[in-house]
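Below you'll find the structure, written out as structure tokens, and then a few comments.
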Amino acid sequence: MDECFPRSKVLPKQSPLYWVGNKARYLRQLLIRDIQDATDRDLIVYFTDTDRCMLQIDGGDDQHLIELLLGCTRGKVDLLLETNGGATDATEKVCSILRRLAPDLRVFVPRRAKSNGTVVALAGHTIVMSASSELGPIDPWFNNVPVEFVINAPAGTMNVIELQIAQTFKKQTMKLAGALLSTGMMKGRPPEEIEETVQKLASRDQYHSHGSVIDADEAIGLGLNIVNLSEDDELGRWVWLLRSMYAYDCGLLKLGKIFEGEYVSSAVASTIPSS
């Protein structure tokens, strides 16, 4: 694709008013192409405005993700991921799509991928982190309560049905995480080692808060395949610049999520409550 304004003297094909109205997207996509040229890998983005909205991984994400992945042509995919997590059923679908359409997947977490966002990151063969990056525990919640609290509540204090639901939620999350690790970044490791990693991530024994920060060093200690970028790593700085563009544009345009690639782009409006 030939470069156009503002990278050359060639005027854009779009009308001036349309181009100006969409310039944030065009500039982000120029940077995506620059990063792809440097890595020789397709780069797709799943960005959620984690600071200003309540949007999470949900049942509508799959259609956007498929559009992005069907546009990939290099056979190797990088995913820039930022999310606070979301529903496990929807996370299973996202991971299934990634495994099917991006078998050579590397996940960049420039800032945060928490809860089921960490599970999505486990779908990659490598997670790229830096000083600003954090993963989180994957212990599920039920009715805004950690399932561990429900499961370990004193006998007779919890509804029997709710107790069974909580147990099922925990089993579902642990099964998904274990399957991803055993067929991905921890493939070939002893089953008991994989089970230990999942147990640490999914219970309150290792991390007492759902918001606990798992940085690059901690993630390496858990046995995950982590690339820990230094502060002066050039690729890491380019990825951070791209991530900063998404954070700024989401705030400016009142967007909650952006799914984006070299040519494909879709967005979901923010759910910021009106004052």
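Residues are named by chain letter and number: chains run A, B, ... in the order of the structure tokens, numbers start at 1 in each chain, and ligands are numbered from 1 in the order shown.
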Requested in this report: Select from stretch 175-248 of chain A everything DSSP, run on the backbone, classes as helix (DSSP H, G or I), then give the selection as a PyMOL selection string.
Outcome: chain A and resi 175-183+191-202+216-221+234-248
**Report entry** Distance query A:Val120 at most 10 Å, only C-alpha atoms, self and fewer than 3 positions along chain excluded, as a list in words
**Finding:** Ile57, Leu81, Thr83, Gly85, Thr91, Glu92, Lys93, Val94, Cys95, Ser96, Leu98, Val107, Ala113, Lys114, Ser115, Asn116, Gly117, Ala123, Gly124, Leu176, Ala177 and Leu180 of chain A
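Neighbouring residues of A:Glu196 at 12 Å or closer, counting only C-alpha atoms and skipping chain neighbours under 2 positions away, are Met174, Ala177, Gly178, Leu181, Met186, Arg189, Pro190, Pro191, Glu192, Glu193, Ile194, Val198, Gln199, Lys200, Leu201, Ala202, Ser203, Asp205, Gln206, Gly221, Leu222, Gly223 and Leu224 of chain A.
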Query - Sel. of strand (DSSP E or B) residues, stretch 18-236 of chain A, as an MDAnalysis selection string - result: chainID A and resid 42:48 57 77:83 86 105:108 112:113 126:129 134:135 141:142 145:146 214 226:228
Keeping N, CA and C atoms for every residue in the selection just given, could you write it to a file as a compact mmCIF listing (two decimals), in the first residue's frame?
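Result file part-v6.txt:
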# COMPACT_ATOMS: atom_id res chain seq x y z
N ASP A 42 2.00 -9.91 11.83
CA ASP A 42 0.77 -9.12 11.88
C ASP A 42 0.55 -8.64 13.31
N LEU A 43 0.04 -7.44 13.44
CA LEU A 43 -0.26 -6.87 14.75
C LEU A 43 -1.75 -6.52 14.80
N ILE A 44 -2.45 -7.08 15.78
CA ILE A 44 -3.85 -6.74 16.02
C ILE A 44 -3.98 -6.22 17.44
N VAL A 45 -5.01 -5.44 17.66
CA VAL A 45 -5.18 -4.76 18.95
C VAL A 45 -6.57 -5.05 19.51
N TYR A 46 -6.60 -5.44 20.79
CA TYR A 46 -7.84 -5.52 21.56
C TYR A 46 -7.60 -4.62 22.76
N PHE A 47 -8.10 -3.39 22.67
CA PHE A 47 -7.85 -2.41 23.72
C PHE A 47 -9.16 -2.02 24.39
N THR A 48 -9.16 -2.06 25.72
CA THR A 48 -10.28 -1.59 26.52
C THR A 48 -9.82 -0.42 27.38
N ILE A 57 -14.60 -8.34 28.71
CA ILE A 57 -14.68 -9.38 27.68
C ILE A 57 -16.11 -9.90 27.68
N VAL A 77 1.26 -13.79 14.43
CA VAL A 77 0.40 -12.71 14.92
C VAL A 77 0.88 -12.21 16.28
N ASP A 78 0.90 -10.89 16.43
CA ASP A 78 1.08 -10.23 17.71
C ASP A 78 -0.25 -9.63 18.13
N LEU A 79 -0.62 -9.80 19.40
CA LEU A 79 -1.84 -9.23 19.95
C LEU A 79 -1.47 -8.23 21.04
N LEU A 80 -1.83 -6.96 20.84
CA LEU A 80 -1.70 -5.97 21.90
C LEU A 80 -2.99 -6.04 22.71
N LEU A 81 -2.87 -6.39 23.98
CA LEU A 81 -4.04 -6.67 24.81
C LEU A 81 -4.09 -5.76 26.02
N GLU A 82 -5.25 -5.14 26.23
CA GLU A 82 -5.50 -4.42 27.48
C GLU A 82 -6.96 -4.62 27.87
N THR A 83 -7.17 -5.21 29.04
CA THR A 83 -8.52 -5.48 29.51
C THR A 83 -8.48 -5.79 31.00
N GLY A 86 -13.40 -10.34 32.26
CA GLY A 86 -14.79 -10.46 31.86
C GLY A 86 -15.30 -11.88 32.02
N LEU A 105 1.11 -17.19 18.08
CA LEU A 105 0.61 -15.97 18.72
C LEU A 105 1.55 -15.50 19.83
N ARG A 106 1.87 -14.22 19.77
CA ARG A 106 2.63 -13.56 20.83
C ARG A 106 1.75 -12.44 21.39
N VAL A 107 1.66 -12.35 22.70
CA VAL A 107 0.75 -11.38 23.33
C VAL A 107 1.56 -10.29 24.02
N PHE A 108 1.32 -9.05 23.62
CA PHE A 108 1.94 -7.89 24.28
C PHE A 108 0.97 -7.35 25.33
N ARG A 112 -1.93 -3.63 31.25
CA ARG A 112 -2.61 -4.61 32.11
C ARG A 112 -3.51 -5.55 31.32
N ALA A 113 -3.50 -6.80 31.76
CA ALA A 113 -4.46 -7.81 31.30
C ALA A 113 -4.82 -8.61 32.55
N THR A 126 4.01 -16.82 23.95
CA THR A 126 4.87 -15.90 24.70
C THR A 126 4.04 -14.70 25.12
N ILE A 127 4.32 -14.19 26.32
CA ILE A 127 3.74 -12.93 26.77
C ILE A 127 4.86 -11.92 26.91
N VAL A 128 4.72 -10.78 26.23
CA VAL A 128 5.75 -9.74 26.26
C VAL A 128 5.34 -8.68 27.28
N MET A 129 6.20 -8.46 28.28
CA MET A 129 5.91 -7.52 29.36
C MET A 129 7.08 -6.57 29.54
N GLU A 134 1.26 -5.64 33.86
CA GLU A 134 0.78 -6.50 34.94
C GLU A 134 -0.27 -7.48 34.44
N LEU A 135 -0.15 -8.70 34.92
CA LEU A 135 -1.19 -9.71 34.81
C LEU A 135 -1.89 -9.77 36.16
N TRP A 141 -15.42 -14.83 39.99
CA TRP A 141 -16.37 -14.26 40.95
C TRP A 141 -17.77 -14.73 40.62
N PHE A 142 -18.62 -14.73 41.63
CA PHE A 142 -20.04 -15.05 41.45
C PHE A 142 -20.86 -14.08 42.30
N VAL A 145 -18.87 -11.68 44.35
CA VAL A 145 -18.14 -12.26 45.48
C VAL A 145 -17.15 -13.29 44.92
N PRO A 146 -15.90 -13.28 45.37
CA PRO A 146 -14.95 -14.31 44.92
C PRO A 146 -15.49 -15.70 45.22
N ILE A 214 0.72 -9.09 39.16
CA ILE A 214 1.71 -10.10 38.76
C ILE A 214 2.57 -9.46 37.69
N ILE A 226 7.74 -15.67 29.51
CA ILE A 226 7.69 -14.21 29.50
C ILE A 226 8.93 -13.63 28.84
N VAL A 227 8.72 -12.66 27.95
CA VAL A 227 9.82 -11.83 27.46
C VAL A 227 9.74 -10.53 28.25
N ASN A 228 10.75 -10.25 29.05
CA ASN A 228 10.76 -9.08 29.93
C ASN A 228 11.60 -7.99 29.28
Query - Among listed residues A:Asp139, A:Asp215, A:Glu195, A:Glu67, nearest A:Pro110 (using only C-alpha atoms) - result: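 Among the listed residues, the smallest separation from A:Pro110 belongs to A:Asp215.
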Produce a table with one row for each residue of stretch 55-94 of chain A that has an atom at most 8 Å from any atom of stretch 246-259 of chain A, each row naming the nearest atom pair and its distance in Å at one decimal; use only C-alpha atoms; arrange rows by chain and rising residue number; format as CSV.
residue,atom,partner,partner_atom,distance
A:Leu55,CA,A:Gly256,CA,6.3
A:His64,CA,A:Phe259,CA,6.4
A:Leu65,CA,A:Phe259,CA,7.1
A:Leu68,CA,A:Phe259,CA,7.5
